[in-house]
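Below is upload-v1.txt, holding compact mmCIF, C-alpha atoms.
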# COMPACT_ATOMS: atom_id res chain seq x y z
CA MET A 1099 -3.07 -5.86 -11.19
CA ASP A 1100 -1.04 -8.76 -9.75
CA LEU A 1101 -3.61 -9.28 -7.01
CA VAL A 1102 -6.57 -9.54 -9.38
CA ALA A 1103 -4.69 -11.48 -12.05
CA TYR A 1104 -2.63 -13.92 -9.96
CA GLY A 1105 -4.42 -13.82 -6.62
CA THR A 1106 -1.17 -12.90 -4.83
CA SER A 1107 0.89 -9.72 -4.89
CA VAL A 1108 3.97 -8.51 -3.02
CA ILE A 1109 4.62 -4.95 -1.87
CA VAL A 1110 7.75 -3.85 -0.02
CA GLU A 1111 7.92 -0.61 1.95
CA GLU A 1112 11.48 0.69 2.20
CA VAL A 1113 12.77 3.76 4.04
CA GLU A 1114 15.14 6.24 2.46
CA GLY A 1115 17.11 8.72 4.55
CA ASP A 1116 18.39 8.51 8.11
CA GLU A 1117 16.00 6.55 10.30
CA LEU A 1118 17.93 7.43 13.45
CA THR A 1119 17.62 11.19 13.01
CA GLY A 1120 14.72 11.43 10.57
CA LYS A 1121 16.70 13.59 8.14
CA ASP A 1122 15.43 13.45 4.52
CA LEU A 1123 13.19 10.55 5.53
CA LYS A 1124 10.68 9.16 3.05
CA VAL A 1125 9.06 5.82 2.29
CA VAL A 1126 9.26 4.07 -1.07
CA PHE A 1127 6.89 1.30 -2.18
CA THR A 1128 7.96 -1.38 -4.64
CA ALA A 1129 5.81 -4.07 -6.25
CA ILE A 1130 7.78 -7.30 -6.75
CA PRO A 1131 6.84 -9.85 -9.44
CA VAL A 1132 5.20 -12.88 -7.86
CA LYS A 1133 7.45 -15.28 -9.80
CA GLU A 1134 10.52 -13.92 -7.96
CA ILE A 1135 9.43 -14.43 -4.36
CA TYR A 1136 9.01 -17.15 -1.77
CA PHE A 1137 7.64 -16.50 1.70
CA GLU A 1138 6.94 -18.20 5.00
CA MET A 1139 4.19 -17.53 7.54
CA ASP A 1140 4.11 -17.88 11.32
CA HIS A 1141 1.44 -19.65 13.34
CA LYS A 1142 -0.80 -16.57 13.12
CA GLY A 1143 -0.69 -16.47 9.33
CA ARG A 1144 1.57 -13.41 9.17
CA VAL A 1145 4.56 -13.18 6.83
CA CYS A 1146 7.70 -13.85 8.88
CA SER A 1147 10.25 -14.52 6.12
CA LEU A 1148 10.52 -13.46 2.51
CA TYR A 1149 13.05 -14.43 -0.17
CA ARG A 1150 13.46 -12.79 -3.56
CA LYS A 1151 15.31 -14.47 -6.42
CA LEU A 1152 17.38 -12.01 -8.48
CA GLU A 1153 19.38 -12.64 -11.64
CA TRP A 1154 22.34 -10.22 -11.79
CA THR A 1155 25.52 -10.02 -13.78
CA ALA A 1156 28.86 -9.59 -12.07
CA GLY A 1157 28.88 -5.93 -13.06
CA GLN A 1158 25.48 -5.34 -11.47
CA ILE A 1159 26.61 -7.03 -8.25
CA ILE A 1160 29.72 -4.86 -8.05
CA THR A 1161 27.70 -1.73 -8.80
CA LYS A 1162 25.33 -2.62 -5.95
CA PHE A 1163 27.85 -3.58 -3.25
CA GLY A 1164 31.28 -2.36 -4.38
CA LYS A 1165 34.42 -4.37 -5.18
CA ASP A 1166 35.57 -4.60 -1.58
CA LYS A 1167 32.34 -6.31 -0.40
CA VAL A 1168 31.99 -9.10 -2.96
CA PRO A 1169 34.02 -12.32 -3.54
CA GLN A 1170 37.11 -12.02 -5.72
CA ASP A 1171 35.79 -14.40 -8.37
CA ILE A 1172 32.91 -11.97 -9.10
CA VAL A 1173 35.42 -9.19 -9.67
CA GLU A 1174 37.32 -11.45 -12.06
CA LYS A 1175 34.12 -12.34 -13.94
CA ALA A 1176 33.25 -8.66 -14.32
CA GLU A 1177 36.69 -7.96 -15.82
CA ASN A 1178 36.51 -10.94 -18.20
CA THR A 1179 34.57 -10.02 -21.36
CA SER A 1180 33.46 -13.61 -21.95
CA SER A 1181 31.77 -13.95 -18.52
CA ALA A 1182 30.77 -10.33 -17.82
CA SER A 1183 27.26 -10.84 -19.21
CA THR A 1184 26.67 -14.17 -17.42
CA LYS A 1185 23.93 -13.83 -14.83
CA MET A 1186 24.18 -15.26 -11.34
CA THR A 1187 21.41 -15.96 -8.85
CA VAL A 1188 21.31 -13.67 -5.82
CA ILE A 1189 18.84 -14.23 -2.99
CA TYR A 1190 17.51 -11.23 -1.07
CA ALA A 1191 16.37 -12.61 2.30
CA ILE A 1192 14.30 -10.96 5.02
CA THR A 1193 14.10 -13.12 8.15
CA LYS A 1194 13.16 -12.61 11.78
CA ARG A 1195 15.95 -12.62 14.34
CA ASP A 1196 15.73 -14.86 17.39
CA GLY A 1197 14.91 -13.30 20.74
CA PHE A 1198 12.49 -10.66 19.50
CA ASP A 1199 9.17 -12.34 20.25
CA LYS A 1200 8.40 -9.66 22.87
CA TYR A 1201 10.16 -6.75 21.21
CA GLU A 1202 9.36 -3.38 22.77
CA TYR A 1203 10.26 -0.12 21.12
CA ASN A 1204 12.41 2.14 23.30
CA GLY A 1205 13.76 4.52 20.67
CA PRO A 1206 15.88 4.16 17.50
CA VAL A 1207 18.42 1.34 17.59
CA ALA A 1208 21.21 0.16 15.29
CA ALA A 1209 20.42 -2.08 12.32
CA ASP A 1210 21.80 -5.22 13.99
CA LYS A 1211 19.49 -4.73 17.00
CA ARG A 1212 16.25 -4.67 15.05
CA PRO A 1213 13.77 -7.61 14.98
CA TYR A 1214 14.08 -8.34 11.24
CA GLU A 1215 17.30 -8.93 9.32
CA TRP A 1216 17.93 -8.46 5.60
CA LYS A 1217 20.89 -9.54 3.50
CA TYR A 1218 21.91 -10.54 -0.02
CA ILE A 1219 23.25 -14.06 -0.54
CA LEU A 1220 25.07 -15.49 -3.57
CA LYS A 1221 23.22 -18.74 -4.22
CA SER A 1222 26.16 -20.66 -5.74
CA SER A 1223 28.43 -20.21 -2.71
CA CYS A 1224 26.00 -19.03 0.02
CA GLU A 1225 28.27 -16.04 0.63
CA THR A 1226 26.82 -12.80 1.97
CA LEU A 1227 27.17 -9.82 -0.35
CA GLY A 1228 27.61 -6.38 1.19
CA ASP A 1229 26.40 -5.40 4.64
CA VAL A 1230 23.62 -6.95 6.72
CA GLY A 1231 20.78 -4.61 7.64
CA GLY A 1232 17.67 -4.65 9.76
CA TYR A 1233 14.04 -3.58 9.93
CA TYR A 1234 11.88 -2.68 12.91
CA GLU A 1235 8.88 -4.36 11.26
CA MET A 1236 8.39 -6.80 8.42
CA PRO A 1237 8.57 -4.48 5.37
CA ALA A 1238 7.05 -6.98 2.91
CA PHE A 1239 3.31 -7.42 2.59
CA VAL A 1240 1.71 -10.31 0.71
CA PRO A 1241 -2.00 -9.65 0.16
CA ARG A 1242 -4.09 -12.44 -1.31
CA TRP A 1243 -7.45 -12.06 -3.07
CA ARG A 1244 -8.67 -15.23 -1.40
CA LYS A 1245 -7.05 -18.51 -0.43
CA THR A 1246 -7.81 -22.08 0.47
CA SER A 1247 -6.83 -23.78 3.70
CA GLU A 1248 -4.33 -26.02 1.87
CA SER A 1249 -2.16 -23.29 0.36
CA LYS A 1250 -0.57 -20.02 1.44
CA TRP A 1251 -0.82 -18.72 -2.14
CA GLY A 1252 -3.91 -16.84 -3.19
CA ASN A 1253 -6.29 -17.36 -6.08
CA SER A 1254 -8.23 -14.76 -8.03
CA PRO A 1255 -11.28 -14.35 -10.31
CA ALA A 1256 -8.91 -14.44 -13.29
CA MET A 1257 -8.13 -18.09 -12.53
CA ILE A 1258 -11.81 -18.97 -12.82
CA ALA A 1259 -12.26 -16.89 -15.97
CA LEU A 1260 -9.02 -18.07 -17.60
CA PRO A 1261 -10.63 -20.74 -19.88
CA ASP A 1262 -13.14 -18.19 -21.19
CA ILE A 1263 -10.38 -15.59 -21.61
CA LEU A 1264 -8.24 -17.95 -23.70
CA THR A 1265 -11.25 -19.03 -25.75
CA LEU A 1266 -12.23 -15.41 -26.37
CA ASN A 1267 -8.71 -14.60 -27.54
CA GLN A 1268 -8.74 -17.51 -30.02
CA LEU A 1269 -12.22 -16.60 -31.21
CA THR A 1270 -11.14 -12.99 -31.79
CA GLU A 1271 -8.18 -14.22 -33.79
CA LEU A 1272 -10.47 -16.37 -35.97
CA ILE A 1273 -12.80 -13.40 -36.53
CA LEU A 1274 -9.87 -11.24 -37.61
CA ARG A 1275 -8.71 -13.90 -40.08
CA ALA A 1276 -12.24 -14.29 -41.45
CA THR A 1277 -12.56 -10.50 -41.75
CA GLU A 1278 -9.32 -10.41 -43.72
CA LYS A 1279 -10.73 -12.92 -46.18
CA VAL A 1280 -13.87 -10.80 -46.68
CA VAL A 1281 -12.05 -7.49 -47.06
CA ASP A 1282 -9.30 -8.90 -49.28
CA PRO A 1283 -10.79 -12.11 -50.74
CA ALA A 1284 -8.89 -14.81 -52.59
CA THR A 1285 -9.08 -15.10 -56.39
CA LEU A 1286 -10.06 -18.30 -58.20
CA THR A 1287 -8.95 -19.18 -61.74
CA THR A 1288 -8.40 -22.23 -63.91
CA GLU A 1289 -4.96 -23.61 -64.66
CA ARG A 1290 -5.20 -22.80 -68.40
CA GLY A 1291 -7.40 -19.73 -68.06
CA LEU A 1292 -4.68 -17.42 -66.68
CA LEU A 1293 -2.15 -16.33 -69.34
CA SER A 1294 -0.12 -13.95 -67.14
CA ASP A 1295 0.79 -13.63 -63.49
CA LEU A 1296 -2.13 -12.68 -61.26
CA ASP A 1297 -1.78 -9.00 -60.35
CA LEU A 1298 -3.94 -7.97 -57.39
CA GLU A 1299 -2.40 -4.54 -56.87
CA ALA A 1300 -4.41 -1.39 -57.50
CA GLY A 1301 -4.65 -0.83 -61.24
CA GLY A 1302 -3.06 -4.22 -61.86
CA LEU A 1303 -3.66 -6.15 -65.11
CA SER A 1304 -4.11 -9.91 -65.41
CA VAL A 1305 -4.48 -11.59 -68.84
CA VAL A 1306 -7.04 -14.43 -69.00
CA ARG A 1307 -8.58 -16.42 -71.85
CA THR A 1308 -12.13 -15.41 -70.93
CA LEU A 1309 -13.65 -13.37 -68.09
CA ASP A 1310 -15.32 -16.49 -66.82
CA ASP A 1311 -11.93 -18.04 -66.11
CA ILE A 1312 -11.29 -15.76 -63.08
CA LYS A 1313 -13.54 -14.79 -60.20
CA VAL A 1314 -13.42 -13.72 -56.55
CA HIS A 1315 -13.80 -16.34 -53.87
CA GLU A 1316 -16.70 -15.34 -51.63
CA SER A 1317 -16.21 -16.19 -47.98
CA LYS A 1318 -19.27 -17.54 -46.21
CA ALA A 1319 -18.04 -16.68 -42.71
CA ARG A 1320 -20.85 -16.48 -40.12
CA PHE A 1321 -20.03 -13.24 -38.35
CA ASP A 1322 -23.40 -13.24 -36.62
CA VAL A 1323 -22.63 -16.56 -34.93
CA SER A 1324 -19.09 -15.52 -33.97
CA GLU A 1325 -20.27 -12.19 -32.52
CA LEU A 1326 -22.96 -13.94 -30.51
CA GLU A 1327 -20.45 -16.40 -29.10
CA ARG A 1328 -17.97 -13.63 -28.33
CA GLU A 1329 -20.63 -11.67 -26.47
CA LYS A 1330 -21.48 -14.74 -24.38
CA LEU A 1331 -17.83 -15.16 -23.42
CA ARG A 1332 -17.56 -11.49 -22.46
CA GLU A 1333 -20.64 -11.75 -20.28
CA SER A 1334 -19.20 -14.81 -18.56
CA ILE A 1335 -15.90 -13.03 -17.88
CA ASN A 1336 -17.66 -9.90 -16.62
CA HIS A 1337 -19.73 -12.04 -14.29
CA VAL A 1338 -16.62 -13.63 -12.76
CA PHE A 1339 -15.13 -10.16 -12.17
CA TYR A 1340 -18.46 -8.86 -10.71
CA VAL A 1341 -18.77 -6.24 -13.48
CA ASP A 1342 -22.38 -7.02 -14.30
CA GLN A 1343 -23.28 -7.20 -10.61
CA LEU A 1344 -21.72 -3.94 -9.46
CA GLU A 1345 -22.12 -1.58 -12.42
CA LEU A 1346 -24.94 0.93 -12.38
CA LYS A 1347 -27.91 0.35 -14.62
CA ASP A 1348 -28.67 2.52 -17.65
CA SER A 1349 -31.34 4.47 -15.77
CA PRO A 1350 -30.15 8.03 -14.99
CA THR A 1351 -31.52 7.91 -11.44
CA MET A 1352 -31.84 5.33 -8.70
CA THR A 1353 -34.19 5.22 -5.76
CA ALA A 1354 -32.92 5.06 -2.19
CA THR A 1355 -33.94 1.40 -2.04
CA GLU A 1356 -31.91 0.60 -5.16
CA VAL A 1357 -28.85 2.34 -3.68
CA GLN A 1358 -29.24 0.34 -0.48
CA VAL A 1359 -29.44 -2.91 -2.44
CA ARG A 1360 -26.28 -1.97 -4.37
CA TYR A 1361 -24.39 -1.39 -1.13
CA GLU A 1362 -25.57 -4.70 0.30
CA LEU A 1363 -24.56 -6.53 -2.87
CA MET A 1364 -21.13 -4.88 -2.86
CA GLN A 1365 -20.66 -5.92 0.76
CA ARG A 1366 -21.57 -9.53 0.07
CA LEU A 1367 -19.33 -9.81 -2.99
CA LEU A 1368 -16.25 -7.87 -1.89
CA GLY A 1369 -16.56 -7.93 1.91
CA PRO A 1370 -14.51 -11.13 2.39
CA THR A 1371 -11.82 -9.88 0.01
CA GLN A 1372 -11.65 -6.53 1.78
CA GLY A 1373 -11.28 -8.31 5.12
CA ARG A 1374 -8.30 -10.27 3.81
CA LEU A 1375 -6.73 -7.14 2.29
CA VAL A 1376 -7.09 -5.34 5.61
CA SER A 1377 -5.41 -8.22 7.44
CA ASP A 1378 -2.65 -8.93 4.89
CA LEU A 1379 -1.86 -5.42 3.62
CA LEU A 1380 -3.59 -2.34 4.97
CA ASP A 1381 -3.30 -2.85 8.74
CA PRO A 1382 0.41 -3.81 8.82
CA LEU A 1383 1.29 -1.18 6.18
CA ILE A 1384 -0.39 1.65 8.10
CA GLN A 1385 1.10 0.48 11.39
CA ARG A 1386 4.61 0.37 9.91
CA THR A 1387 4.22 3.81 8.32
CA PHE A 1388 2.93 5.23 11.60
CA ASN A 1389 5.88 3.71 13.48
CA ILE A 1390 8.37 5.10 10.93
CA MET A 1391 6.95 8.60 11.37
CA PHE A 1392 6.85 8.22 15.15
CA ARG A 1393 10.48 7.10 15.39
CA ALA A 1394 11.54 10.00 13.17
CA GLY A 1395 9.76 12.53 15.38
CA MET A 1396 7.33 13.50 12.62
CA LEU A 1397 4.25 13.16 14.86
CA PRO A 1398 3.05 15.34 17.77
CA LYS A 1399 3.91 14.35 21.32
CA VAL A 1400 1.94 11.36 22.55
CA PRO A 1401 -0.57 12.29 25.29
CA ASP A 1402 0.38 10.94 28.72
CA ILE A 1403 -2.82 8.93 29.02
CA VAL A 1404 -1.92 7.09 25.81
CA ALA A 1405 1.78 6.69 26.63
CA GLN A 1406 1.00 5.19 30.04
CA SER A 1407 -1.62 2.75 28.75
CA ASP A 1408 -0.96 -0.65 27.19
CA SER A 1409 -3.12 0.07 24.13
CA GLU A 1410 -2.57 -0.74 20.46
CA LEU A 1411 -3.11 1.30 17.33
CA ASP A 1412 -6.76 1.13 16.26
CA ILE A 1413 -7.25 1.80 12.55
CA GLN A 1414 -10.62 2.88 11.15
CA TYR A 1415 -11.23 2.89 7.39
CA ILE A 1416 -13.49 5.42 5.68
CA GLY A 1417 -13.49 4.19 2.07
CA PRO A 1418 -16.66 3.35 0.11
CA LEU A 1419 -16.49 -0.37 0.84
CA SER A 1420 -15.99 0.24 4.57
CA ARG A 1421 -18.96 2.56 4.55
CA ALA A 1422 -20.99 -0.07 2.73
CA GLN A 1423 -20.35 -2.50 5.58
CA LYS A 1424 -21.73 0.05 8.07
CA VAL A 1425 -24.67 1.22 6.01
CA ASP A 1426 -26.82 -1.74 7.09
CA ALA A 1427 -26.78 -0.54 10.69
CA ALA A 1428 -27.59 3.03 9.64
CA ALA A 1429 -30.48 1.91 7.44
CA ALA A 1430 -31.84 -0.33 10.21
CA ALA A 1431 -31.70 2.60 12.66
CA GLU A 1432 -33.58 4.85 10.24
CA ARG A 1433 -36.31 2.24 9.76
CA TRP A 1434 -36.52 1.78 13.54
CA ILE A 1435 -36.91 5.53 14.12
CA ALA A 1436 -39.61 5.76 11.45
CA GLY A 1437 -41.56 2.95 13.09
CA ALA A 1438 -41.13 4.45 16.57
CA LEU A 1439 -42.41 7.85 15.41
CA GLN A 1440 -45.55 6.22 14.05
CA ILE A 1441 -46.16 4.40 17.34
CA SER A 1442 -45.48 7.61 19.31
CA GLU A 1443 -48.60 9.16 17.81
CA ILE A 1444 -50.55 6.62 19.87
CA ASN A 1445 -48.21 6.41 22.87
CA PRO A 1446 -45.62 9.24 23.09
CA GLN A 1447 -43.77 7.47 25.92
CA VAL A 1448 -42.17 4.96 23.53
CA LEU A 1449 -39.68 7.67 22.48
CA ASP A 1450 -38.09 7.36 25.92
CA ASN A 1451 -36.45 4.13 24.70
CA ILE A 1452 -34.36 5.92 22.06
CA ASP A 1453 -30.93 7.42 22.77
CA PHE A 1454 -30.98 10.14 20.13
CA ASP A 1455 -27.51 11.42 21.05
CA ALA A 1456 -25.89 8.04 20.46
CA MET A 1457 -27.80 7.61 17.21
CA VAL A 1458 -26.69 11.00 15.84
CA ARG A 1459 -23.04 10.30 16.68
CA ASP A 1460 -23.19 6.84 15.09
CA GLN A 1461 -24.70 8.34 11.94
CA ALA A 1462 -21.86 10.87 11.79
CA ASP A 1463 -19.37 8.01 12.06
CA VAL A 1464 -21.05 6.01 9.29
CA LEU A 1465 -21.20 9.02 6.98
CA ASN A 1466 -17.58 10.01 7.76
CA VAL A 1467 -18.53 13.49 8.92
CA PRO A 1468 -15.36 15.48 9.81
CA ALA A 1469 -14.70 15.43 13.56
CA LYS A 1470 -14.53 19.23 13.71
CA TYR A 1471 -18.24 19.40 12.87
CA LEU A 1472 -19.18 17.28 15.89
CA LYS A 1473 -19.21 18.87 19.35
CA ASP A 1474 -17.52 17.19 22.27
CA LYS A 1475 -19.87 15.39 24.66
CA ALA A 1476 -18.72 17.50 27.59
CA LYS A 1477 -19.39 20.70 25.64
CA VAL A 1478 -22.86 19.48 24.69
CA THR A 1479 -23.62 18.65 28.34
CA ALA A 1480 -22.37 22.07 29.48
CA GLU A 1481 -24.48 23.89 26.89
CA ARG A 1482 -27.56 21.94 27.90
CA LYS A 1483 -27.02 22.75 31.58
CA GLU A 1484 -26.56 26.41 30.69
CA ARG A 1485 -29.80 26.43 28.70
CA GLU A 1486 -31.61 24.72 31.58
CA ALA A 1487 -30.25 27.29 34.06
CA GLN A 1488 -31.31 30.12 31.76
CA ALA A 1489 -34.76 28.57 31.41
CA VAL A 1490 -35.07 28.24 35.21
CA GLN A 1491 -33.92 31.84 35.68
CA GLN A 1492 -36.36 33.07 33.06
CA GLN A 1493 -39.16 31.13 34.70
CA GLN A 1494 -38.28 32.64 38.08
CA ILE A 1495 -38.38 36.13 36.58
CA MET A 1496 -41.73 35.41 35.00
CA ASP A 1497 -43.04 33.99 38.30
CA ALA A 1498 -41.81 37.10 40.16
CA GLN A 1499 -43.45 39.35 37.64
CA GLU A 1500 -46.71 37.43 37.94
CA GLY A 1501 -46.43 37.59 41.72
CA GLY A 1502 -45.81 41.34 41.62
CA ARG A 1503 -48.81 41.92 39.44
CA ALA A 1504 -50.92 39.77 41.75
CA LEU A 1505 -49.81 41.75 44.85
CA GLU A 1506 -50.47 44.98 43.01
CA SER A 1507 -54.00 43.81 42.19
CA ILE A 1508 -54.57 42.78 45.80
CA GLY A 1509 -53.30 46.15 47.02
CA LYS A 1510 -55.63 48.00 44.71
CA GLY A 1511 -58.54 45.86 45.88
CA ILE A 1512 -57.78 46.56 49.56
CA SER A 1513 -57.53 50.28 48.87
CA ALA A 1514 -60.88 50.26 47.12
CA VAL A 1515 -62.52 48.41 50.02
CA GLN A 1516 -61.06 50.85 52.56
CA GLY A 1517 -62.30 53.77 50.51
CA GLU A 1518 -65.82 52.41 50.46
CA GLY A 1519 -65.69 51.87 54.22
CA ASN A 1520 -64.63 55.44 54.91
CA ALA A 1521 -67.38 56.65 52.69
Go ahead and render the structure in this file as structure tokens.
Amino acid sequence: MDLVAYGTSVIVEEVEGDELTGKDLKVVFTAIPVKEIYFEMDHKGRVCSLYRKLEWTAGQIITKFGKDKVPQDIVEKAENTSSASTKMTVIYAITKRDGFDKYEYNGPVAADKRPYEWKYILKSSCETLGDVGGYYEMPAFVPRWRKTSESKWGNSPAMIALPDILTLNQLTELILRATEKVVDPATLTTERGLLSDLDLEAGGLSVVRTLDDIKVHESKARFDVSELEREKLRESINHVFYVDQLELKDSPTMTATEVQVRYELMQRLLGPTQGRLVSDLLDPLIQRTFNIMFRAGMLPKVPDIVAQSDSELDIQYIGPLSRAQKVDAAAAAERWIAGALQISEINPQVLDNIDFDAMVRDQADVLNVPAKYLKDKAKVTAERKEREAQAVQQQQIMDAQEGGRALESIGKGISAVQGEGNA
């Protein structure tokens, strides 16, 4: 919600339990309000420092860190009833330690030996509260919907639609007030025509000189105009948020061409945003989670070929939007095959240009077919060689049988000739 509304959101991934032994280990995600954070980026555009502004009372500070790890004046404020509810600014800082530009993981290490440092600082005196800890990776992720080159903060569709949103809210309020006047209209009367107080309650009685001296005020509100204007504003807002461009039409069915066009449209509209989310949030989050599980011994043993290589974690996404970005290649391949099959009716040799094995495997990747349904290449090669050997053996048997029958026929012919000669 923060990402779509404000263009910037902050998620922190913390670890609970013992990271050194992996006992009772679990990860906890926390969304931090954007108004509480400040962050810095390195030359690659990655978050390298993050600061969170907290407003805590003296009692909250002592509850968090304990009396023995906070300044004495905070303890005194907590014990004084007049200042116990006064809030103080505490800064939670996550910064990168010097000397870890080429950090290499060689097993669990103590908190003060990790690349990133965290601590709580009392803003008024710059004193450190409690202990200083450490992270192996930057635990804070700051995804942006989209951004300009001049600012590190993101912007969102809501910022474009904000004028229409505010106008729609005011228009709705006016419609409600006008509706109130129609449902419960005002009453008009002359100054001398009303002899008693005006009673508008159910069953109420008002005394007037004549019935013509009191009447209901009829509102001439134009609900048709207001509804038309409200619908225009809604359409404008939906357009900014891609609702009208991505929602399915009223028709119960869609052709394959219509589905393809929907995927292409989704890719054009949300592809850039997905790329930024992958870079700012998904890739670093998955890598950190993988590393946490690896350090805790929660993953199988790494194969030697992987452990000895200088490779990095390669993440592949299988969500609908990721599939939409691959569907163009799959559709192009299908059209190419269809065209090649038509040409093959005239010249069958054109099919020699197509690597059907590679195409089938790519299609399985695009469609996210489970890996267990796809045979290993070596197994496929072995099965093909076995079939070829069986075919050769069968052909040899058939050739031998044909040869035997031929020799038998020749033998019979020779015997017949010899018999005629003897006769």
**Prompt:** Of the candidates A:Gly1373, A:Gly1115, A:Gly1291, A:Pro1237, which shows the shortest atom-to-atom distance to A:Thr1128, using all atoms listed in the file?
**Reply:**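 Distance minimum relative to A:Thr1128 lands on A:Pro1237.
Considering the residues A:Leu1296, A:Leu1375, A:Leu1368, A:Val1314 and counting all atoms listed in the file, A:Val1281 has its shortest atom-to-atom contact with A:Val1314.
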**Contact residues around A:Thr1277 with only C-alpha atoms at 12 Å, ignoring same-chain residues under 2 positions, as a list in words** = Thr1270, Glu1271, Leu1272, Ile1273, Leu1274, Arg1275, Lys1279, Val1280, Val1281, Asp1282, Pro1283, Glu1316, Ser1317, Lys1318, Ala1319, Arg1320, Phe1321 and Ser1324 of chain A
**Request:** Name the residues in contact with stretch 1171-1186 of chain A at a cut-off of 6 Å, using only C-alpha atoms, excluding same-chain residues fewer than 4 positions from it; report them as a list of chain:residue names.
**Result:** A:Glu1153, A:Trp1154, A:Thr1155, A:Ala1156, A:Gly1157
Considering only C-alpha atoms, return as a PDB file with C-alpha atoms, in the frame of the given file whatever protein or nucleic-acid residues lie within 8 Å of A:Asp1295, sequence-local ones (same chain, fewer than 3 positions apart) excluded.
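New file out13.pdb:
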ATOM      1  CA  LEU A1292      -4.680 -17.420 -66.680  1.00  0.00           C
ATOM      2  CA  SER A1304      -4.110  -9.910 -65.410  1.00  0.00           C
ATOM      3  CA  VAL A1305      -4.480 -11.590 -68.840  1.00  0.00           C
TER       4      VAL A1305
END
**Residue contacts of stretch 1431-1437 of chain A (9 Å, only C-alpha atoms) excluding same-chain residues fewer than 4 positions away, as a PyMOL selection string** = chain A and resi 1426-1427+1441-1442+1452+1457
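For the set A:Gly1232, A:Leu1260, A:Leu1344, A:Pro1169, the residue with the smallest atom-to-atom gap to A:Ala1209 is A:Gly1232, counting all atoms listed in the file.
Atom to atom, atom CA of A:Glu1356 and atom CA of A:Tyr1340 stand 17.4 Å apart.
Atom pair atom CA of A:Lys1124 / atom CA of A:Arg1393: separated by 12.5 Å.
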**Message:** What does the structure give for the distance between atom CA of A:Arg1482 and atom CA of A:Val1404, in Å to one decimal?
**Reply:** 29.7 Å
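For the set A:Pro1131, A:Gly1302, A:Gly1252, A:Pro1398, the residue with the smallest atom-to-atom gap to A:Thr1371 is A:Gly1252, counting all atoms listed in the file.
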**Prompt:** Using all atoms listed in the file, which residues sit within 9 Å of A:Gln1343 once same-chain residues fewer than 5 positions away are excluded, as a list in words?
**Reply:** Asn1336, His1337, Arg1360, Leu1363, Met1364 and Leu1367 of chain A
